[in-house]
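A.B. asks: Input: one structure, supplied below.
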Amino acid sequence: MKIVKRLITFLVYAFLYAPLIIMVLFSFNSGRSTMVFEGFSLKWYETLFSNNVLMECLQNSLILAVTSSVIATILGTLAAVGVYRLKNKYISGTIMTVNNIPMMNPDIVTGVSLMLLFVFVGTFLGLAEKTNFWTLLIAHITFNIPYVLLNVLPKLKQTDKNLVEAAMDLGCTPNQAFFKVVLPQINPGIMSGLLMAFTLSFDDFVISYYTSGTDFRTLPLYVYDIVKKPVKPNIYALYSIIFILILLVLIINNFVLNGTSKKESSGRAKKVVSAILAVVILVVGVFAFKGCETTHSIDGLQAEYSREFEGTTLNVYNWGEYISDGSDESLDVIAAFEQLTGINVNYITYESNEVMYSKLKSNSDSYDIIIPSDYMIQRLKNEGMLQKLDFSQISNYKNIDEQYKNLYFDENNEYSVPYSVGMVGLIYNTTMVEEVPTSWTALWDERYSGDILTFNNSRDAFAIAQKVLGQSFNTENKADWDAAAELLKKQTPVLQGRVMDQVFEKMEGGNAALAPYYVGDFLIMQEENEDLDFVFPEEGVNVFVDSICVPSCAKNYDAAMMFINFMLEPEVALANAEYIGYASPNTEVVNHPDYSYKDNEYLYPAEEDMPNVEYFYDLTPEIRNYYEKLWVEITSK
Amino acid sequence: MKNEKKNVVELRNITVKFDDDVILDDMNLSIKDGEFVTLLGQSGCGKTTTLRIIAGFVQPNSGDVLFEGNRINDVPAHKRSVNTIFQKYALFPNYNVYDNIAFGLRISKVPEPVIKERVAEMLKLVNLEGFEKRSVDKLSGGQQQRVAIARAVINRPKVLLLDEPLAALDAKLRKDMQNELKNIQRQLGITFVFVTHDQEEALSMSDTVVVMNEGKIQQIGSPIDIYNEPQNAFVADFIGESNILDGIMKEDFKVCLDGYDFKCLDSGFGKNEPVDVVIRPEDVDIVPEEQGMLTGEITSVTFRGVHFEIIIDVQDFKWMIQTTDEHKVGEKVGLYIEPDAIHVMKKSKYSGQFGDYSSYSDELDELSVVEESEDE
Ligand SMILES: Nc1ncnc2c1ncn2[C@@H]1O[C@H](COP(=O)(O)OP(=O)(O)OP(=O)(O)O)[C@@H](O)[C@H]1O
Ligand SMILES: [Mg+2]
């Protein structure tokens, strides 16, 4: 019996901690695979620390967590004392219920309602930036206070009431009695409240998402946005550090809590706490210092950059991991621009066009630069949410390849400057297929049943069926969509799964034979697994262009023009193209002797290999709703 | 007996209510300088509340609290020169013995060297030399008790309030501490207001005993007065053992019990006034049946060490008698009572509630149950 009990305990803990241990282990992997451990290396930690954007977010998170938890602890403790002293049981009962509701409340409700409040008040006061660092701080303090209260109140209730009276009896004023007698008693509660508030604040995503502004991004917000690319082990390194940090916090917490029973150790615990705090401050200091030590120089600038906008802040809103950021000895584009022009770039990220769209619609912040995809540009333009660009200030526009001008969403080249180009195709594992596939119908081939993957994203998945049926992606005929849905339902039996990011592991590990995906990502997979190859199926494929635009809410129009011009500089565009791995619309990049994807047959197919391509258009809301409904039917089978 | 000494503390017409429950009902009490006053009463009768009024932790709903003749109702607790020893000691767990004792002096900013001297003095007084650095929760109950005393006494208060300070101690330690407290009081000449629900403790230690019940003072007097001349059936029953009978005061110095006219020393009642009569068990002599003023049959005999406790049924009223002579159950005997053993009291609302030993053994059981649960 005893053995069984121990075994169960062991299994439970193994189950809880195995994932963490594996993550820490793979953060030291010298390769980027998550399957095989190729050797010990610290390189992911180096990449991590050389990623300035990420480091700044980490620093922000620490600053926010420390300030909000300290303030929440002070307020929460005062509140606990107030509730404790209330004579009326009904009032204190009501206050505690009111206190508990925010904790039960889903974060999303708290987040959205706080955002509405901030926007309302901000509008009322006529503020330009309705959400900013201060609203974020207020939000974090708000959601932390109940936890502090809940930690402190029981400790207060446990303290002997006579102690306070004894102190007053011996001559203490009520305040002196509180500090000399009550505070030491409830200190463990305050400390655990503080640490809990710190961890909650440090890893909060949902509430921060709604209440933060453009000026202050935290780590969870940053991490959540990195989905354009597969997760790299530097993120494991980051999480390992955070895990260790939280572990330390918990150990200290236990120290302090045990400290109440053993008086002698509480002094030691205090020392440990101050030591940890010192370390945290030191680390933050190092990050801050690191930020300003390197110089970023760029050769061969084609345009002149004045410093007339020195000191202004430019809000750039881009996809996660969609700009060269200084990791792996790449160029830190943002830092270089800041150094050159003296403009402060406030770089914020999103994870989908739709998120960016709703953020713009909510009107809570102003952005100067956005980089949406084609169909979204069409929508934004139609809704009057974009400003025309002043091409007289964008001399480097000449570098854009003619084939990327006059595109359907911006026929007269007024609103957008192409940034990055991608195409969808079919990835296959040469050792697992009997002949080279040439058609999308391979994804329905029963011979490969169980080895086929497809998109877990409605529009991309429909697109494949639509090409098989010879339709346009942008048909507004419901019968066409019905037919495509029928075809997709027929595919379900042969599918191994519908995936997005997991496609990397599946294909790299040889666990699936066929998968449609973006060509840039295929190149990354191929580096890991040489058996992989890629075709553009004969029926035609989707092509997309992400372009730089200026939304109508922009406040720094001229600085934005300068930024766009800078992004088109050959060295800058080259660094970005290398970093992103998608095709570049910039002729200076395509012809650059150092470009590692130069003449790459997949990114830049020769004229005769060029597939039939079609863009996604912005569909009417009616059609969008229609196919989303069909999609639910397909995936729920 | 005259007013040689001044009143330190006076409570005048004090009434305290908690949520409409009357806890103290129009209470009047004067405490003289240097006096050892004990508040005695059952659990919940308002003893602690009385102390808290004096200490300043409870505001009376009406009435005045006077300290050395000045009204102090509005003086907050920390400004009153009164110190308290709490029912559960209330030592500060985050300080060691030395710091606990030094607490009051530190608050009043006495220089450290002086504090050191006086703490050493106190530790000597309570016999705890060498315990300075001990953490208070590692002390035994008696030691904690003494730290609590030292912590209060070091401030040289005019009045020391002690709330059942010995309740948690075992019988032996309790005796020792009773002596120690008494010594401290004599040495320092501090006025003690002592709370207990143990009548023996009250009688043996105090100058004055205040018997309380249900928020009202039943009697104030010296221990001997309280014992020998209880003012009503409640006091008579609560202090020691007593046989309380219904009687009729025929005339001065003559009271009729169970049809027999007894001589007594009491006077001043109306003619044929119904009264309560108290006769202490040790004041009744057992004599042969024919010589007795009253006769009855022995129904139980219990050996108590020094004496026997004998229950005698006299016309359905069960008497308790304490005697050193041995008797047998079933024996028919006579009772003989001297006039000075009879104490006559006016009827009160407690009349008839106490004083019959017919349910004697049950009553004892109940008492022991109550006592056990109180100790916890
Ligand atoms: N803060 C309070 N709120 C409500 N009722 C109270 C409060 N303090 C005391 N009481 C009530 O007042 C009555 C007297 O309480 P008190 O503590 O004075 O009794 P006590 O004589 O000291 O009893 P014990 O011997 O058990 O200590 C009790 O019925 C108690 O329930
Ligand atoms: Mg009490």
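By convention in this document, the chains of the structure tokens carry letters A, B, ... by their order, each chain's residues are numbered from 1, and ligands are numbered from 1 in the order they are shown.
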Starting from chain B, keep only residues with some atom at most 9 Å from an atom of chain A, counting only C-alpha atoms, and report them as a ChimeraX atom specification.

C.D. replies: /B:55-57,76-94,103-105,107-108,135,151-152,155

A.B. asks: Can you pull out every residue within 10 Å of Pro106 in chain A, counting only C-alpha atoms, but drop anything in the same chain fewer than 5 positions away, and send it as a PyMOL selection string?

C.D. replies: chain A and resi 101+111+206-207

A.B. asks: Restricting it to all heavy atoms, dump the selection as a tab-separated table (two decimals), in the first residue's frame.

C.D. replies:
```tsv
chain	number	residue	atom	x	y	z
A	101	ILE	N	-15.28	38.96	-5.89
A	101	ILE	CA	-15.81	38.86	-7.25
A	101	ILE	C	-14.74	39.08	-8.32
A	101	ILE	O	-14.64	38.29	-9.25
A	101	ILE	CB	-17.02	39.82	-7.43
A	101	ILE	CG1	-18.19	39.29	-6.62
A	101	ILE	CG2	-17.40	39.96	-8.90
A	101	ILE	CD1	-19.37	40.23	-6.53
A	111	GLY	N	-10.46	42.87	-17.91
A	111	GLY	CA	-9.63	43.62	-18.85
A	111	GLY	C	-10.47	44.55	-19.72
A	111	GLY	O	-10.19	45.74	-19.83
A	206	VAL	N	-3.96	38.73	-20.25
A	206	VAL	CA	-5.27	39.16	-20.74
A	206	VAL	C	-5.59	40.61	-20.34
A	206	VAL	O	-5.95	41.43	-21.18
A	206	VAL	CB	-6.38	38.21	-20.24
A	206	VAL	CG1	-7.74	38.67	-20.72
A	206	VAL	CG2	-6.10	36.81	-20.76
A	207	ILE	N	-5.43	40.90	-19.06
A	207	ILE	CA	-5.79	42.25	-18.60
A	207	ILE	C	-4.82	43.28	-19.19
A	207	ILE	O	-5.23	44.35	-19.64
A	207	ILE	CB	-5.84	42.28	-17.06
A	207	ILE	CG1	-6.96	41.38	-16.58
A	207	ILE	CG2	-6.03	43.71	-16.55
A	207	ILE	CD1	-7.01	41.16	-15.09
```

A.B. asks: Can you tell me, as a list in words, what residues are no more than 7 Å from Leu169 in chain B when counting only C-alpha atoms, ignoring any on the same chain fewer than 3 positions away?

C.D. replies: Gly141, Gly142, Leu166, Leu173 and Arg174 of chain B

A.B. asks: Take the selection from the previous step and output its residues with all heavy atoms, as a compact mmCIF listing (two decimals), in the first residue's frame.

C.D. replies:
```txt
# COMPACT_ATOMS: atom_id res chain seq x y z
N GLY B 141 3.64 27.91 31.31
CA GLY B 141 2.51 28.79 31.64
C GLY B 141 2.83 29.72 32.81
O GLY B 141 2.58 30.91 32.76
N GLY B 142 3.44 29.15 33.87
CA GLY B 142 3.74 29.95 35.04
C GLY B 142 4.77 31.03 34.74
O GLY B 142 4.67 32.16 35.22
N LEU B 166 -4.57 33.54 37.05
CA LEU B 166 -4.10 32.23 37.48
C LEU B 166 -4.96 31.10 36.93
O LEU B 166 -4.71 29.94 37.23
CB LEU B 166 -4.07 32.18 39.01
CG LEU B 166 -3.34 33.36 39.67
CD1 LEU B 166 -3.39 33.23 41.18
CD2 LEU B 166 -1.91 33.45 39.19
N LEU B 173 0.96 25.34 41.31
CA LEU B 173 1.56 26.57 40.79
C LEU B 173 0.67 27.77 41.15
O LEU B 173 1.15 28.85 41.47
CB LEU B 173 1.65 26.44 39.27
CG LEU B 173 2.56 27.43 38.56
CD1 LEU B 173 3.95 27.36 39.15
CD2 LEU B 173 2.61 27.12 37.08
N ARG B 174 -0.60 27.52 41.15
CA ARG B 174 -1.57 28.56 41.45
C ARG B 174 -1.38 29.08 42.86
O ARG B 174 -1.35 30.28 43.09
CB ARG B 174 -2.94 27.90 41.32
CG ARG B 174 -4.03 28.83 41.09
CD ARG B 174 -5.13 27.97 40.58
NE ARG B 174 -6.37 28.67 40.67
CZ ARG B 174 -7.40 28.42 39.88
NH1 ARG B 174 -7.28 27.48 38.96
NH2 ARG B 174 -8.49 29.10 40.01
```

A.B. asks: Restricting the calculation to only C-alpha atoms and all ligand atoms, which member of B:Met177, B:Val136, B:Ala202, B:Met212 is positioned closest to ligand 1?

C.D. replies: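 For ligand 1, the nearest of the candidates is B:Met212.
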
A.B. asks: So, with only C-alpha atoms as the atoms that count, which of B:Glu289, B:Tyr227, B:Asn243, B:Asp325 lies closest to Gln353 in chain B?

C.D. replies: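 The shortest atom-to-atom distance to Gln353 in chain B comes from B:Asn243.
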
A.B. asks: Quick one: of A:Tyr210, A:Gly384, A:Val119, A:Thr77, who's nearest to Asn187 in chain A, counting only C-alpha atoms?

C.D. replies: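 Closest to Asn187 in chain A, using only C-alpha atoms: A:Thr77.
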
A.B. asks: To one decimal place in Å, what is the distance between CA of Lys332 in chain B and CA of Thr295 in chain B?

C.D. replies: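 CA of Thr295 in chain B lies at a distance of 7.2 Å from CA of Lys332 in chain B.
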
A.B. asks: Tell me which of B:Pro223, B:Pro165, B:Gly41, B:Pro339 sits closest to Asp266 in chain B, counting only C-alpha atoms.

C.D. replies: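 That would be B:Pro339, the residue with the smallest distance to Asp266 in chain B.
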
A.B. asks: Can you work out the spacing between CA of Gly126 in chain A and CA of Ala554 in chain A in Å, to one decimal?

C.D. replies: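 CA of Ala554 in chain A lies at a distance of 16.4 Å from CA of Gly126 in chain A.
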
A.B. asks: Using DSSP assignments from the backbone, pull out every residue in range 353-556 of chain A that falls under strand (DSSP E) and give it to me as an NGL selection string.

C.D. replies: :A and (369-370 or 417-429 or 452-455 or 495-499 or 514-518 or 532-535 or 541-548)

A.B. asks: List as a list of chain:residue names the protein and nucleic acid residues near Glu214 in chain B, meaning an atom at most 12 Å away when only C-alpha atoms are counted, but skip any in the same chain fewer than 5 places from it.

C.D. replies: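 The residues that qualify are B:Val16, B:Asp21, B:Val22, B:Ile23, B:Leu24, B:Asp25, B:Asp26, B:Met27, B:Leu40, B:Gly41, B:Gln42, B:Ser43, B:Gly44, B:Cys45, B:Gly46, B:Lys47, B:Thr49, B:Phe234.
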
A.B. asks: Please indicate the distance in Å from CA of Lys130 in chain A to CA of Asp107 in chain A, rounded to one decimal place.

C.D. replies: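 Those two atoms sit 20.1 Å apart.
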
A.B. asks: So that I can check the surroundings of range 329-331 of chain A, please list as a ChimeraX atom specification every protein, DNA and RNA residue that reaches within 10 Å of it, counting only C-alpha atoms and ignoring chain neighbours fewer than 5 positions away.

C.D. replies: /A:47,50-51,296-298,323-324,336,571-572,574-576,578-579

A.B. asks: What lies within 12 Å of Val109 in chain A using only C-alpha atoms, ignoring chain neighbours under 3 positions off, as a list in words?

C.D. replies: Ile101, Pro102, Met103, Met104, Asn105, Pro106, Val112, Ser113, Leu114, Met115, Leu116, Phe143, Val206, Ile207, Tyr209, Tyr210 and Thr211 of chain A

A.B. asks: Could those selected residues go to a file with all heavy atoms, as a CSV table (one decimal), in the first residue's frame?

C.D. replies:
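Result file is out20.csv:
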```csv
chain,number,residue,atom,x,y,z
A,101,ILE,N,-15.3,39.0,-5.9
A,101,ILE,CA,-15.8,38.9,-7.3
A,101,ILE,C,-14.7,39.1,-8.3
A,101,ILE,O,-14.6,38.3,-9.3
A,101,ILE,CB,-17.0,39.8,-7.4
A,101,ILE,CG1,-18.2,39.3,-6.6
A,101,ILE,CG2,-17.4,40.0,-8.9
A,101,ILE,CD1,-19.4,40.2,-6.5
A,102,PRO,N,-13.9,40.1,-8.2
A,102,PRO,CA,-12.9,40.3,-9.3
A,102,PRO,C,-12.0,39.1,-9.4
A,102,PRO,O,-11.5,38.8,-10.5
A,102,PRO,CB,-12.1,41.5,-8.8
A,102,PRO,CG,-13.0,42.2,-7.9
A,102,PRO,CD,-13.8,41.2,-7.2
A,103,MET,N,-11.8,38.3,-8.3
A,103,MET,CA,-10.9,37.2,-8.5
A,103,MET,C,-11.6,36.1,-9.2
A,103,MET,O,-11.0,35.3,-10.0
A,103,MET,CB,-10.5,36.7,-7.1
A,103,MET,CG,-9.5,37.6,-6.5
A,103,MET,SD,-8.8,37.0,-5.0
A,103,MET,CE,-10.2,37.0,-4.0
A,104,MET,N,-12.9,35.9,-9.1
A,104,MET,CA,-13.7,34.9,-9.8
A,104,MET,C,-13.9,35.3,-11.2
A,104,MET,O,-14.0,34.5,-12.1
A,104,MET,CB,-15.1,34.7,-9.1
A,104,MET,CG,-15.0,34.6,-7.7
A,104,MET,SD,-14.4,33.0,-7.3
A,104,MET,CE,-14.9,32.8,-5.6
A,105,ASN,N,-14.0,36.6,-11.4
A,105,ASN,CA,-14.3,37.2,-12.7
A,105,ASN,C,-13.3,36.7,-13.7
A,105,ASN,O,-12.1,36.8,-13.4
A,105,ASN,CB,-14.2,38.7,-12.6
A,105,ASN,CG,-15.3,39.4,-13.3
A,105,ASN,OD1,-16.2,38.7,-13.9
A,105,ASN,ND2,-15.3,40.7,-13.2
A,106,PRO,N,-13.7,36.3,-14.9
A,106,PRO,CA,-12.7,36.0,-15.9
A,106,PRO,C,-11.8,37.2,-16.2
A,106,PRO,O,-12.4,38.4,-16.3
A,106,PRO,CB,-13.5,35.6,-17.1
A,106,PRO,CG,-14.9,35.3,-16.6
A,106,PRO,CD,-15.1,36.1,-15.4
A,112,VAL,N,-11.5,44.0,-20.3
A,112,VAL,CA,-12.3,44.8,-21.2
A,112,VAL,C,-13.0,45.9,-20.5
A,112,VAL,O,-13.0,47.1,-20.9
A,112,VAL,CB,-13.4,43.9,-22.0
A,112,VAL,CG1,-14.4,44.8,-22.7
A,112,VAL,CG2,-12.7,43.0,-22.9
A,113,SER,N,-13.5,45.6,-19.3
A,113,SER,CA,-14.3,46.7,-18.6
A,113,SER,C,-13.3,47.8,-18.1
A,113,SER,O,-13.7,49.0,-18.2
A,113,SER,CB,-15.1,46.1,-17.4
A,113,SER,OG,-14.2,45.3,-16.6
A,114,LEU,N,-12.1,47.4,-17.7
A,114,LEU,CA,-11.1,48.4,-17.4
A,114,LEU,C,-10.8,49.3,-18.6
A,114,LEU,O,-10.7,50.5,-18.5
A,114,LEU,CB,-9.9,47.8,-16.8
A,114,LEU,CG,-9.9,47.4,-15.3
A,114,LEU,CD1,-8.7,46.6,-15.0
A,114,LEU,CD2,-10.0,48.6,-14.4
A,115,MET,N,-10.6,48.6,-19.7
A,115,MET,CA,-10.3,49.4,-20.9
A,115,MET,C,-11.4,50.4,-21.3
A,115,MET,O,-11.1,51.6,-21.5
A,115,MET,CB,-10.1,48.4,-22.1
A,115,MET,CG,-9.8,49.2,-23.4
A,115,MET,SD,-9.9,48.1,-24.8
A,115,MET,CE,-11.7,48.1,-25.0
A,116,LEU,N,-12.6,49.9,-21.2
A,116,LEU,CA,-13.8,50.8,-21.4
A,116,LEU,C,-13.7,52.0,-20.5
A,116,LEU,O,-13.9,53.2,-20.9
A,116,LEU,CB,-15.1,50.1,-21.3
A,116,LEU,CG,-15.4,49.1,-22.4
A,116,LEU,CD1,-16.7,48.3,-22.1
A,116,LEU,CD2,-15.5,49.8,-23.7
A,143,PHE,N,-6.2,44.5,-9.9
A,143,PHE,CA,-6.5,43.1,-9.8
A,143,PHE,C,-5.6,42.4,-8.8
A,143,PHE,O,-5.9,41.3,-8.3
A,143,PHE,CB,-6.4,42.4,-11.2
A,143,PHE,CG,-5.1,42.1,-11.8
A,143,PHE,CD1,-4.2,41.2,-11.2
A,143,PHE,CD2,-4.6,42.8,-12.9
A,143,PHE,CE1,-3.0,40.9,-11.8
A,143,PHE,CE2,-3.4,42.5,-13.4
A,143,PHE,CZ,-2.6,41.6,-12.9
A,206,VAL,N,-4.0,38.7,-20.3
A,206,VAL,CA,-5.3,39.2,-20.7
A,206,VAL,C,-5.6,40.6,-20.3
A,206,VAL,O,-5.9,41.4,-21.2
A,206,VAL,CB,-6.4,38.2,-20.2
A,206,VAL,CG1,-7.7,38.7,-20.7
A,206,VAL,CG2,-6.1,36.8,-20.8
A,207,ILE,N,-5.4,40.9,-19.1
A,207,ILE,CA,-5.8,42.2,-18.6
A,207,ILE,C,-4.8,43.3,-19.2
A,207,ILE,O,-5.2,44.3,-19.6
A,207,ILE,CB,-5.8,42.3,-17.1
A,207,ILE,CG1,-7.0,41.4,-16.6
A,207,ILE,CG2,-6.0,43.7,-16.6
A,207,ILE,CD1,-7.0,41.2,-15.1
A,209,TYR,N,-3.3,43.1,-21.9
A,209,TYR,CA,-3.6,43.2,-23.3
A,209,TYR,C,-4.6,44.4,-23.6
A,209,TYR,O,-4.5,45.1,-24.6
A,209,TYR,CB,-4.2,41.9,-23.8
A,209,TYR,CG,-4.5,41.9,-25.3
A,209,TYR,CD1,-3.5,41.7,-26.2
A,209,TYR,CD2,-5.8,42.0,-25.7
A,209,TYR,CE1,-3.8,41.7,-27.6
A,209,TYR,CE2,-6.1,42.0,-27.1
A,209,TYR,CZ,-5.1,41.8,-28.0
A,209,TYR,OH,-5.4,41.8,-29.3
A,210,TYR,N,-5.6,44.5,-22.7
A,210,TYR,CA,-6.6,45.5,-23.0
A,210,TYR,C,-6.3,46.8,-22.4
A,210,TYR,O,-6.8,47.8,-22.8
A,210,TYR,CB,-8.0,45.0,-22.4
A,210,TYR,CG,-8.6,43.9,-23.3
A,210,TYR,CD1,-8.5,42.6,-22.9
A,210,TYR,CD2,-9.2,44.3,-24.5
A,210,TYR,CE1,-9.0,41.6,-23.7
A,210,TYR,CE2,-9.7,43.3,-25.3
A,210,TYR,CZ,-9.6,42.0,-24.9
A,210,TYR,OH,-10.1,41.0,-25.7
A,211,THR,N,-5.4,46.9,-21.4
A,211,THR,CA,-5.2,48.1,-20.7
A,211,THR,C,-3.9,48.8,-20.9
A,211,THR,O,-3.6,49.9,-20.5
A,211,THR,CB,-5.4,47.9,-19.1
A,211,THR,OG1,-4.4,46.9,-18.8
A,211,THR,CG2,-6.8,47.5,-18.8
```

A.B. asks: Under the rule that only C-alpha atoms are counted, which of B:His307, B:Lys216, B:Lys346, B:Lys175 is the nearest residue to Met249 in chain B?

C.D. replies: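 Residue with the minimum atom-to-atom distance to Met249 in chain B: B:Lys346.
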
A.B. asks: Need to verify the contact set: Gly330 in chain B, 9 Å, only C-alpha atoms, exclusion of same-chain residues closer than 6 positions in sequence. Can you return it as a PyMOL selection string?

C.D. replies: chain B and resi 297-300

A.B. asks: I need the residues from that last selection saved to file as a PDB file, in the first residue's frame (with N, CA and C atoms), if you can.

C.D. replies:
```
ATOM      1  N   GLU B 297     -33.419  11.846  58.857  1.00  0.00           N
ATOM      2  CA  GLU B 297     -32.759  10.574  58.586  1.00  0.00           C
ATOM      3  C   GLU B 297     -31.587  10.810  57.648  1.00  0.00           C
ATOM      4  N   ILE B 298     -30.472  10.169  57.937  1.00  0.00           N
ATOM      5  CA  ILE B 298     -29.276  10.357  57.098  1.00  0.00           C
ATOM      6  C   ILE B 298     -29.480   9.634  55.767  1.00  0.00           C
ATOM      7  N   THR B 299     -29.311  10.325  54.651  1.00  0.00           N
ATOM      8  CA  THR B 299     -29.512   9.673  53.348  1.00  0.00           C
ATOM      9  C   THR B 299     -28.203   9.451  52.615  1.00  0.00           C
ATOM     10  N   SER B 300     -27.143  10.180  52.968  1.00  0.00           N
ATOM     11  CA  SER B 300     -25.863   9.887  52.304  1.00  0.00           C
ATOM     12  C   SER B 300     -24.708  10.377  53.161  1.00  0.00           C
TER      13      SER B 300
END
```

A.B. asks: For a quick check of understanding, using only C-alpha atoms, which of B:Ile54, B:Asn272, B:His343, B:Ala233 has the smallest distance to Leu162 in chain B?

C.D. replies: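 Under the stated criterion, the closest residue is B:Ile54.
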